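Pasting data27.pdb here (PDB, C-alpha atoms):
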ATOM      1  CA  MET A  29     -20.553  -6.864 -10.757  1.00  0.00           C
ATOM      2  CA  THR A  30     -18.380  -9.597  -9.289  1.00  0.00           C
ATOM      3  CA  LEU A  31     -15.530  -8.939  -6.885  1.00  0.00           C
ATOM      4  CA  GLY A  32     -12.998  -9.955  -9.558  1.00  0.00           C
ATOM      5  CA  ALA A  33     -14.468  -7.507 -12.082  1.00  0.00           C
ATOM      6  CA  LEU A  34     -14.448  -4.721  -9.503  1.00  0.00           C
ATOM      7  CA  SER A  35     -10.827  -5.469  -8.641  1.00  0.00           C
ATOM      8  CA  ALA A  36      -9.895  -5.329 -12.334  1.00  0.00           C
ATOM      9  CA  LYS A  37     -11.590  -1.916 -12.710  1.00  0.00           C
ATOM     10  CA  ILE A  38      -9.792  -0.530  -9.662  1.00  0.00           C
ATOM     11  CA  SER A  39      -6.465  -1.793 -11.032  1.00  0.00           C
ATOM     12  CA  GLN A  40      -7.207  -0.106 -14.350  1.00  0.00           C
ATOM     13  CA  ILE A  41      -7.984   3.193 -12.613  1.00  0.00           C
ATOM     14  CA  ALA A  42      -4.739   2.920 -10.602  1.00  0.00           C
ATOM     15  CA  LEU A  43      -2.718   2.341 -13.773  1.00  0.00           C
ATOM     16  CA  GLN A  44      -4.342   4.897 -16.080  1.00  0.00           C
ATOM     17  CA  GLY A  45      -6.024   7.352 -13.734  1.00  0.00           C
ATOM     18  CA  ARG A  46      -3.258   9.957 -13.713  1.00  0.00           C
ATOM     19  CA  LYS A  47      -3.688  10.837 -17.371  1.00  0.00           C
ATOM     20  CA  TYR A  48      -7.358  11.601 -16.586  1.00  0.00           C
ATOM     21  CA  ARG A  49      -6.492  13.420 -13.328  1.00  0.00           C
ATOM     22  CA  VAL A  50      -8.093  10.676 -11.220  1.00  0.00           C
ATOM     23  CA  GLY A  51      -6.452   9.310  -8.098  1.00  0.00           C
ATOM     24  CA  LEU A  52      -7.156   6.693  -5.477  1.00  0.00           C
ATOM     25  CA  LEU A  53      -6.859   6.611  -1.728  1.00  0.00           C
ATOM     26  CA  VAL A  54      -6.282   2.983  -0.779  1.00  0.00           C
ATOM     27  CA  ILE A  55      -6.707   1.961   2.848  1.00  0.00           C
ATOM     28  CA  ALA A  56      -6.196  -1.663   3.838  1.00  0.00           C
ATOM     29  CA  GLN A  57      -5.453  -3.646   6.953  1.00  0.00           C
ATOM     30  CA  ARG A  58      -3.418  -6.190   4.984  1.00  0.00           C
ATOM     31  CA  THR A  59      -1.472  -5.644   1.764  1.00  0.00           C
ATOM     32  CA  ALA A  60      -2.296  -9.230   0.745  1.00  0.00           C
ATOM     33  CA  THR A  61      -5.908  -8.168   0.174  1.00  0.00           C
ATOM     34  CA  VAL A  62      -4.925  -5.447  -2.311  1.00  0.00           C
ATOM     35  CA  SER A  63      -3.815  -6.128  -5.878  1.00  0.00           C
ATOM     36  CA  LYS A  64      -0.052  -5.788  -6.405  1.00  0.00           C
ATOM     37  CA  THR A  65      -0.878  -3.636  -9.452  1.00  0.00           C
ATOM     38  CA  VAL A  66      -2.655  -1.133  -7.211  1.00  0.00           C
ATOM     39  CA  LEU A  67       0.027  -1.214  -4.500  1.00  0.00           C
ATOM     40  CA  THR A  68       2.858  -0.529  -6.935  1.00  0.00           C
ATOM     41  CA  GLN A  69       1.061   2.590  -8.194  1.00  0.00           C
ATOM     42  CA  CYS A  70       0.903   4.176  -4.725  1.00  0.00           C
ATOM     43  CA  ASN A  71       3.062   7.299  -4.418  1.00  0.00           C
ATOM     44  CA  THR A  72       2.890   7.602  -0.643  1.00  0.00           C
ATOM     45  CA  MET A  73       2.483   4.874   1.961  1.00  0.00           C
ATOM     46  CA  ILE A  74       1.663   5.351   5.615  1.00  0.00           C
ATOM     47  CA  THR A  75       2.314   2.191   7.601  1.00  0.00           C
ATOM     48  CA  LEU A  76       1.205   1.579  11.164  1.00  0.00           C
ATOM     49  CA  ASN A  77       2.298  -1.367  13.308  1.00  0.00           C
ATOM     50  CA  CYS A  78       2.176  -4.536  11.211  1.00  0.00           C
ATOM     51  CA  PHE A  79       2.972  -8.191  11.907  1.00  0.00           C
ATOM     52  CA  ASP A  80       1.967 -10.452   9.014  1.00  0.00           C
ATOM     53  CA  GLU A  81       4.817 -11.729   6.846  1.00  0.00           C
ATOM     54  CA  THR A  82       3.076 -10.992   3.518  1.00  0.00           C
ATOM     55  CA  SER A  83       2.733  -7.299   4.336  1.00  0.00           C
ATOM     56  CA  LEU A  84       6.217  -7.059   5.809  1.00  0.00           C
ATOM     57  CA  GLY A  85       7.661  -8.763   2.719  1.00  0.00           C
ATOM     58  CA  PHE A  86       5.984  -6.252   0.398  1.00  0.00           C
ATOM     59  CA  LEU A  87       6.972  -3.311   2.593  1.00  0.00           C
ATOM     60  CA  GLY A  88      10.549  -4.616   2.666  1.00  0.00           C
ATOM     61  CA  ASN A  89      10.637  -4.087  -1.105  1.00  0.00           C
ATOM     62  CA  VAL A  90       9.284  -0.547  -0.695  1.00  0.00           C
ATOM     63  CA  TYR A  91      11.146   0.687   2.401  1.00  0.00           C
ATOM     64  CA  GLY A  92      14.136  -1.626   2.601  1.00  0.00           C
ATOM     65  CA  ARG A  93      14.761  -4.280   5.230  1.00  0.00           C
ATOM     66  CA  ALA A  94      16.154  -1.903   7.902  1.00  0.00           C
ATOM     67  CA  HIS A  95      12.955   0.170   8.012  1.00  0.00           C
ATOM     68  CA  THR A  96      10.723  -2.889   7.787  1.00  0.00           C
ATOM     69  CA  ASP A  97      12.251  -4.292  10.972  1.00  0.00           C
ATOM     70  CA  VAL A  98      11.151  -1.114  12.782  1.00  0.00           C
ATOM     71  CA  ILE A  99       7.512  -1.478  11.628  1.00  0.00           C
ATOM     72  CA  ALA A 100       6.820  -4.559  13.751  1.00  0.00           C
ATOM     73  CA  ASN A 101       7.948  -2.662  16.874  1.00  0.00           C
ATOM     74  CA  LEU A 102       6.231   0.684  16.311  1.00  0.00           C
ATOM     75  CA  PRO A 103       4.545   2.120  19.406  1.00  0.00           C
ATOM     76  CA  ARG A 104       0.812   2.831  19.331  1.00  0.00           C
ATOM     77  CA  LEU A 105      -0.135   5.856  17.159  1.00  0.00           C
ATOM     78  CA  HIS A 106       3.278   5.948  15.418  1.00  0.00           C
ATOM     79  CA  ALA A 107       3.774   5.347  11.690  1.00  0.00           C
ATOM     80  CA  VAL A 108       6.396   5.121   8.981  1.00  0.00           C
ATOM     81  CA  VAL A 109       5.653   7.433   6.033  1.00  0.00           C
ATOM     82  CA  PHE A 110       7.334   6.956   2.684  1.00  0.00           C
ATOM     83  CA  GLY A 111       6.841   8.621  -0.684  1.00  0.00           C
ATOM     84  CA  LYS A 112       6.110  11.919  -2.373  1.00  0.00           C
ATOM     85  CA  GLY A 113       3.496  12.997   0.181  1.00  0.00           C
TER      86      GLY A 113
END

Can you present the structure in this file as structure tokens?
Amino acid sequence: MTLGALSAKISQIALQGRKYRVGLLVIAQRTATVSKTVLTQCNTMITLNCFDETSLGFLGNVYGRAHTDVIANLPRLHAVVFGKG
């Protein structure tokens, strides 16, 4: 199975998994490496210190700009948690 086919299957599970009682735990160092389809299906996000503009741009849409500015300056072992969890 190619990487593209695997990514498509994971996106499909993220979109339709709830009706089959299937969930995903997605862990990534950079949001740019994860499909936007998968990211938008996440109910809870835990964000540690982050610097790259792609990730901060996405998180700005999730958290709002005020909270995103804090993320780049988080001390070690601190996180911003957002969502139902």

Practice prompt. Give as number ranges by chain the residues that the PyMOL selection byres ((chain A and resi 77-86) around 8) matches when applied to the coordinates above.
Written response: A: 58-60, 75-76, 87-90, 96, 99-104, 106-107

Fill in: atom CA of His95 of chain A to atom CA of Gly51 of chain A, distance in Å rounded to a single decimal
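Spanning atom CA of His95 of chain A to atom CA of Gly51 of chain A is a straight-line distance of 26.8 Å.
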
As lines of an AutoDock Vina configuration file, please: the centre and edge lengths in Å, to one decimal, of an axis-aligned box enclosing every listed atom of segment 45-49 of chain A with 4 Å added on each side.
center_x = -5.3
center_y = 10.4
center_z = -15.3
size_x = 12.1
size_y = 14.1
size_z = 12.0

Item to complete: Check the smallest atom-to-atom distance from each of A:Gly45, A:Val108, A:Gly92, A:Ile38 to Val66 of chain A using all atoms listed in the file, then report the winner.
Response: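 The shortest atom-to-atom distance to Val66 of chain A comes from A:Ile38.
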
Discussion item. Report, in Å with one decimal, the straight-line distance from atom CA of Met29 of chain A to atom CA of Leu53 of chain A.
Written reply: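 Taking atom CA of Met29 of chain A and atom CA of Leu53 of chain A, their separation equals 21.2 Å.
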
Item to complete: Write out as number ranges by chain the residues lying within 10 Å of Ala42 of chain A, counting all atoms listed in the file and excluding same-chain residues fewer than 6 positions away.
Response: A: 36, 50-54, 65-70

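Ranking A:Ile55, A:Ala94, A:Met73, A:Val62 by their shortest atom-to-atom distance to Leu34 of chain A, with all atoms listed in the file included, puts A:Val62 first.
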
Discussion item. For a test of reading the model, state the distance in Å between atom CA of Gln40 of chain A and atom CA of Phe110 of chain A, rounded to one decimal.
Written reply: 23.5 Å

Coordinate excerpt as a PDB file, in the first residue's frame: segment 90-101 of chain A, N, CA and C atoms:
ATOM      1  N   VAL A  90      -7.890  27.153  15.279  1.00  0.00           N
ATOM      2  CA  VAL A  90      -8.521  26.320  16.312  1.00  0.00           C
ATOM      3  C   VAL A  90      -8.669  27.096  17.618  1.00  0.00           C
ATOM      4  N   TYR A  91      -7.559  27.662  18.114  1.00  0.00           N
ATOM      5  CA  TYR A  91      -7.534  28.304  19.421  1.00  0.00           C
ATOM      6  C   TYR A  91      -7.882  29.787  19.400  1.00  0.00           C
ATOM      7  N   GLY A  92      -7.595  30.442  18.291  1.00  0.00           N
ATOM      8  CA  GLY A  92      -7.675  31.898  18.243  1.00  0.00           C
ATOM      9  C   GLY A  92      -6.274  32.468  18.361  1.00  0.00           C
ATOM     10  N   ARG A  93      -6.066  33.640  17.830  1.00  0.00           N
ATOM     11  CA  ARG A  93      -4.729  34.229  17.758  1.00  0.00           C
ATOM     12  C   ARG A  93      -4.127  34.496  19.139  1.00  0.00           C
ATOM     13  N   ALA A  94      -4.917  34.914  20.121  1.00  0.00           N
ATOM     14  CA  ALA A  94      -4.374  35.229  21.446  1.00  0.00           C
ATOM     15  C   ALA A  94      -3.719  34.005  22.083  1.00  0.00           C
ATOM     16  N   HIS A  95      -4.361  32.848  21.989  1.00  0.00           N
ATOM     17  CA  HIS A  95      -3.792  31.633  22.573  1.00  0.00           C
ATOM     18  C   HIS A  95      -2.614  31.113  21.748  1.00  0.00           C
ATOM     19  N   THR A  96      -2.662  31.312  20.453  1.00  0.00           N
ATOM     20  CA  THR A  96      -1.577  30.844  19.597  1.00  0.00           C
ATOM     21  C   THR A  96      -0.277  31.591  19.900  1.00  0.00           C
ATOM     22  N   ASP A  97      -0.373  32.854  20.240  1.00  0.00           N
ATOM     23  CA  ASP A  97       0.825  33.617  20.595  1.00  0.00           C
ATOM     24  C   ASP A  97       1.505  33.057  21.841  1.00  0.00           C
ATOM     25  N   VAL A  98       0.736  32.470  22.737  1.00  0.00           N
ATOM     26  CA  VAL A  98       1.273  31.879  23.966  1.00  0.00           C
ATOM     27  C   VAL A  98       2.041  30.589  23.658  1.00  0.00           C
ATOM     28  N   ILE A  99       1.606  29.844  22.640  1.00  0.00           N
ATOM     29  CA  ILE A  99       2.184  28.526  22.343  1.00  0.00           C
ATOM     30  C   ILE A  99       3.682  28.618  22.059  1.00  0.00           C
ATOM     31  N   ALA A 100       4.104  29.615  21.322  1.00  0.00           N
ATOM     32  CA  ALA A 100       5.526  29.739  20.984  1.00  0.00           C
ATOM     33  C   ALA A 100       6.397  30.021  22.211  1.00  0.00           C
ATOM     34  N   ASN A 101       5.798  30.484  23.293  1.00  0.00           N
ATOM     35  CA  ASN A 101       6.564  30.823  24.502  1.00  0.00           C
ATOM     36  C   ASN A 101       6.281  29.901  25.680  1.00  0.00           C
TER      37      ASN A 101
END
